[in-house]
file query-v4.pdb (PDB, C-alpha atoms, pLDDT in the B column)
ATOM      1  CA  GLN B  33     -21.876  52.143  25.629  1.00 93.00           C
ATOM      2  CA  VAL B  34     -19.795  53.203  22.654  1.00 97.00           C
ATOM      3  CA  ARG B  35     -18.780  50.676  20.026  1.00 98.00           C
ATOM      4  CA  LEU B  36     -15.605  51.265  18.034  1.00 98.00           C
ATOM      5  CA  VAL B  37     -14.602  49.410  14.893  1.00 98.00           C
ATOM      6  CA  GLU B  38     -11.173  49.906  13.332  1.00 97.00           C
ATOM      7  CA  SER B  39     -10.115  49.129   9.779  1.00 97.00           C
ATOM      8  CA  GLY B  40      -7.273  49.847   7.388  1.00 98.00           C
ATOM      9  CA  GLY B  41      -4.372  47.972   8.909  1.00 96.00           C
ATOM     10  CA  GLY B  42      -1.941  45.977   6.802  1.00 98.00           C
ATOM     11  CA  SER B  43       1.674  45.394   5.881  1.00 98.00           C
ATOM     12  CA  VAL B  44       3.765  47.897   3.910  1.00 98.00           C
ATOM     13  CA  PRO B  45       7.470  48.409   3.274  1.00 98.00           C
ATOM     14  CA  ALA B  46       9.233  50.890   5.527  1.00 98.00           C
ATOM     15  CA  GLY B  47       8.694  54.403   4.186  1.00 98.00           C
ATOM     16  CA  GLY B  48       5.205  53.541   3.009  1.00 98.00           C
ATOM     17  CA  SER B  49       1.821  54.851   4.119  1.00 98.00           C
ATOM     18  CA  LEU B  50      -1.394  53.499   5.573  1.00 98.00           C
ATOM     19  CA  THR B  51      -4.662  55.099   6.635  1.00 98.00           C
ATOM     20  CA  LEU B  52      -6.626  53.699   9.571  1.00 98.00           C
ATOM     21  CA  SER B  53     -10.305  54.378  10.171  1.00 98.00           C
ATOM     22  CA  CYS B  54     -12.417  54.039  13.296  1.00 98.00           C
ATOM     23  CA  VAL B  55     -16.203  54.249  13.284  1.00 98.00           C
ATOM     24  CA  ALA B  56     -17.951  55.050  16.559  1.00 97.00           C
ATOM     25  CA  SER B  57     -21.531  54.037  17.228  1.00 97.00           C
ATOM     26  CA  GLY B  58     -23.911  53.712  20.164  1.00 97.00           C
ATOM     27  CA  ASP B  59     -24.011  56.253  22.965  1.00 94.00           C
ATOM     28  CA  THR B  60     -21.592  58.710  21.360  1.00 94.00           C
ATOM     29  CA  ASN B  61     -21.009  62.235  22.646  1.00 93.00           C
ATOM     30  CA  PRO B  62     -20.333  64.992  20.070  1.00 92.00           C
ATOM     31  CA  ASN B  63     -17.854  66.551  22.513  1.00 93.00           C
ATOM     32  CA  GLN B  64     -15.854  63.433  23.205  1.00 96.00           C
ATOM     33  CA  TYR B  65     -12.278  62.737  22.203  1.00 97.00           C
ATOM     34  CA  LEU B  66     -11.279  59.890  19.924  1.00 97.00           C
ATOM     35  CA  ALA B  67      -7.747  58.601  20.054  1.00 98.00           C
ATOM     36  CA  TRP B  68      -5.310  56.041  18.693  1.00 98.00           C
ATOM     37  CA  PHE B  69      -3.032  53.947  20.825  1.00 98.00           C
ATOM     38  CA  ARG B  70      -0.636  51.206  19.769  1.00 98.00           C
ATOM     39  CA  GLN B  71       1.075  48.242  21.332  1.00 98.00           C
ATOM     40  CA  ALA B  72       3.923  46.114  20.037  1.00 96.00           C
ATOM     41  CA  PRO B  73       4.647  42.640  21.453  1.00 91.00           C
ATOM     42  CA  GLY B  74       6.592  42.929  24.685  1.00 94.00           C
ATOM     43  CA  TYR B  75       5.998  46.666  24.992  1.00 96.00           C
ATOM     44  CA  GLU B  76       3.513  48.777  26.882  1.00 97.00           C
ATOM     45  CA  ARG B  77       0.646  50.425  25.067  1.00 97.00           C
ATOM     46  CA  GLU B  78       1.533  53.963  24.003  1.00 97.00           C
ATOM     47  CA  ALA B  79      -0.441  56.961  22.815  1.00 98.00           C
ATOM     48  CA  VAL B  80      -0.308  57.865  19.141  1.00 98.00           C
ATOM     49  CA  ALA B  81      -2.743  60.759  18.749  1.00 98.00           C
ATOM     50  CA  SER B  82      -6.083  62.127  19.873  1.00 98.00           C
ATOM     51  CA  ILE B  83      -8.637  64.549  18.489  1.00 97.00           C
ATOM     52  CA  SER B  84     -11.620  66.407  19.896  1.00 96.00           C
ATOM     53  CA  MET B  85     -14.694  65.605  17.861  1.00 93.00           C
ATOM     54  CA  ALA B  86     -16.152  69.054  18.535  1.00 92.00           C
ATOM     55  CA  GLY B  87     -13.275  71.392  17.748  1.00 88.00           C
ATOM     56  CA  GLY B  88     -10.834  69.140  15.944  1.00 90.00           C
ATOM     57  CA  VAL B  89      -8.005  69.966  18.361  1.00 96.00           C
ATOM     58  CA  THR B  90      -5.230  67.404  17.960  1.00 97.00           C
ATOM     59  CA  PHE B  91      -2.527  65.934  20.151  1.00 98.00           C
ATOM     60  CA  TYR B  92       0.350  63.686  19.072  1.00 98.00           C
ATOM     61  CA  GLY B  93       2.821  61.393  20.720  1.00 97.00           C
ATOM     62  CA  ASN B  94       6.445  62.445  20.229  1.00 97.00           C
ATOM     63  CA  ALA B  95       7.323  59.328  18.226  1.00 96.00           C
ATOM     64  CA  VAL B  96       4.846  60.085  15.436  1.00 98.00           C
ATOM     65  CA  MET B  97       4.771  63.871  15.311  1.00 96.00           C
ATOM     66  CA  GLY B  98       5.331  65.121  11.786  1.00 97.00           C
ATOM     67  CA  ARG B  99       4.612  61.728  10.203  1.00 98.00           C
ATOM     68  CA  PHE B 100       1.080  60.856  11.326  1.00 98.00           C
ATOM     69  CA  THR B 101      -2.055  62.963  10.965  1.00 98.00           C
ATOM     70  CA  ILE B 102      -5.288  62.415  12.885  1.00 98.00           C
ATOM     71  CA  SER B 103      -8.564  63.762  11.535  1.00 97.00           C
ATOM     72  CA  ARG B 104     -12.282  63.253  11.961  1.00 96.00           C
ATOM     73  CA  ASP B 105     -15.571  63.281  10.069  1.00 95.00           C
ATOM     74  CA  ASN B 106     -18.332  64.248  12.475  1.00 93.00           C
ATOM     75  CA  HIS B 107     -21.131  63.311  10.069  1.00 93.00           C
ATOM     76  CA  ARG B 108     -19.806  59.765   9.898  1.00 94.00           C
ATOM     77  CA  ASN B 109     -18.675  59.624  13.548  1.00 94.00           C
ATOM     78  CA  THR B 110     -15.340  58.486  12.199  1.00 96.00           C
ATOM     79  CA  GLU B 111     -11.738  59.256  12.979  1.00 96.00           C
ATOM     80  CA  TYR B 112      -8.799  58.614  10.699  1.00 98.00           C
ATOM     81  CA  LEU B 113      -5.080  58.161  11.167  1.00 98.00           C
ATOM     82  CA  GLN B 114      -2.954  58.915   8.131  1.00 98.00           C
ATOM     83  CA  MET B 115       0.434  57.300   8.680  1.00 98.00           C
ATOM     84  CA  ASP B 116       3.280  58.352   6.393  1.00 98.00           C
ATOM     85  CA  ASP B 117       6.943  57.374   6.318  1.00 98.00           C
ATOM     86  CA  LEU B 118       6.253  54.294   8.402  1.00 98.00           C
ATOM     87  CA  LYS B 119       9.176  52.857  10.338  1.00 97.00           C
ATOM     88  CA  PRO B 120       9.615  49.225  11.430  1.00 97.00           C
ATOM     89  CA  TRP B 121       9.155  50.339  15.037  1.00 96.00           C
ATOM     90  CA  ASP B 122       5.712  51.712  14.169  1.00 98.00           C
ATOM     91  CA  SER B 123       4.563  48.101  13.824  1.00 98.00           C
ATOM     92  CA  GLY B 124       2.024  46.832  16.308  1.00 98.00           C
ATOM     93  CA  MET B 125      -1.653  46.587  17.087  1.00 98.00           C
ATOM     94  CA  TYR B 126      -3.399  49.930  16.737  1.00 98.00           C
ATOM     95  CA  TYR B 127      -6.436  50.584  18.901  1.00 98.00           C
ATOM     96  CA  CYS B 128      -9.136  53.193  18.618  1.00 98.00           C
ATOM     97  CA  ALA B 129     -10.392  54.628  21.909  1.00 98.00           C
ATOM     98  CA  ALA B 130     -13.127  57.042  22.969  1.00 98.00           C
ATOM     99  CA  SER B 131     -13.578  59.229  26.020  1.00 97.00           C
ATOM    100  CA  ARG B 132     -16.925  59.828  27.712  1.00 96.00           C
ATOM    101  CA  ASP B 133     -16.835  63.581  27.276  1.00 93.00           C
ATOM    102  CA  GLU B 134     -14.504  66.523  26.686  1.00 93.00           C
ATOM    103  CA  TRP B 135     -13.334  66.844  30.294  1.00 95.00           C
ATOM    104  CA  LEU B 136      -9.969  65.111  30.020  1.00 94.00           C
ATOM    105  CA  ARG B 137      -7.022  66.133  32.168  1.00 94.00           C
ATOM    106  CA  GLU B 138      -4.547  64.422  29.857  1.00 96.00           C
ATOM    107  CA  LYS B 139      -5.588  63.947  26.223  1.00 97.00           C
ATOM    108  CA  LEU B 140      -3.073  61.136  25.593  1.00 97.00           C
ATOM    109  CA  ASP B 141      -3.590  59.200  28.817  1.00 97.00           C
ATOM    110  CA  GLN B 142      -5.211  55.835  28.129  1.00 97.00           C
ATOM    111  CA  CYS B 143      -6.901  55.988  31.534  1.00 97.00           C
ATOM    112  CA  GLU B 144      -9.106  58.792  30.174  1.00 98.00           C
ATOM    113  CA  TYR B 145     -10.576  56.445  27.547  1.00 98.00           C
ATOM    114  CA  PRO B 146     -13.077  53.845  28.776  1.00 98.00           C
ATOM    115  CA  TYR B 147     -14.147  52.607  25.331  1.00 98.00           C
ATOM    116  CA  TRP B 148     -11.846  50.578  23.089  1.00 98.00           C
ATOM    117  CA  GLY B 149     -11.969  48.832  19.739  1.00 98.00           C
ATOM    118  CA  GLN B 150     -10.569  45.396  18.968  1.00 98.00           C
ATOM    119  CA  GLY B 151      -7.527  46.742  17.163  1.00 98.00           C
ATOM    120  CA  THR B 152      -6.023  46.503  13.707  1.00 98.00           C
ATOM    121  CA  GLN B 153      -2.523  45.253  12.919  1.00 98.00           C
ATOM    122  CA  VAL B 154       0.032  47.526  11.270  1.00 98.00           C
ATOM    123  CA  THR B 155       3.349  46.166  10.034  1.00 98.00           C
ATOM    124  CA  ALA B 156       6.136  48.136   8.383  1.00 98.00           C
ATOM    125  CA  THR B 157       8.756  45.781   6.975  1.00 97.00           C
ATOM    126  CA  SER B 158      12.408  46.705   6.698  1.00 91.00           C
TER     127      SER B 158
END
call {"tool": "encode", "arguments": {"input": "query-v4.pdb", "output": "structure tokens"}}
result
Amino acid sequence: QVRLVESGGGSVPAGGSLTLSCVASGDTNPNQYLAWFRQAPGYEREAVASISMAGGVTFYGNAVMGRFTISRDNHRNTEYLQMDDLKPWDSGMYYCAASRDEWLREKLDQCEYPYWGQGTQVTATS
């Protein structure tokens, strides 16, 4: 089992920035992917970004490309999501997720991620 704990959510004015963190513990795999997904009330969960812990290769959802940056610290088993120029529609619950290994067909498909955190709320006010 992999345990994931998110932090860093909050409320900021539109145009502001927030940085989310996710610490992974337990039966982690140095080759796994960590990812961020988000869900707003009444909407389906959507992919934000993912990163390979081994090589640092990144993938982004179209809605956040150019504004959000995903990164990782292997020594701390932690991933980060730097969110800049936040829009009101970026608001929602943000979830950290982990894959079992590096063999993912689709790096932004939530079905590839069996481990999930509890989520942290992000609100960008207009």
call {"tool": "residues_around", "arguments": {"input": "query-v4.pdb", "residues": "range 94-97 of chain B", "least_positions_apart": "2", "cutoff": "10 Å", "atoms": "all atoms listed in the file", "output": "PyMOL selection string"}}
result
chain B and resi 78-81+91-92+99-101+115-119+121-122
call {"tool": "atom_distance", "arguments": {"input": "query-v4.pdb", "atom1": "CA of His107 in chain B", "atom2": "CA of Leu50 in chain B"}}
result
22.5 Å
call {"tool": "closest_residue", "arguments": {"input": "query-v4.pdb", "among": "B:Asp59, B:Ala72, B:Arg35, B:Arg104", "to": "Ala129 in chain B", "atoms": "all atoms listed in the file"}}
result
B:Arg35
call {"tool": "resolve_selection", "arguments": {"input": "query-v4.pdb", "expression": "the PyMOL selection byres ((chain B and resi 90) around 10)", "output": "ChimeraX atom specification"}}
result
/B:65-67,81-85,87-89,91-92,101-103,139
call {"tool": "atom_distance", "arguments": {"input": "query-v4.pdb", "atom1": "CA of Gly40 in chain B", "atom2": "CA of Trp135 in chain B"}}
result
29.2 Å
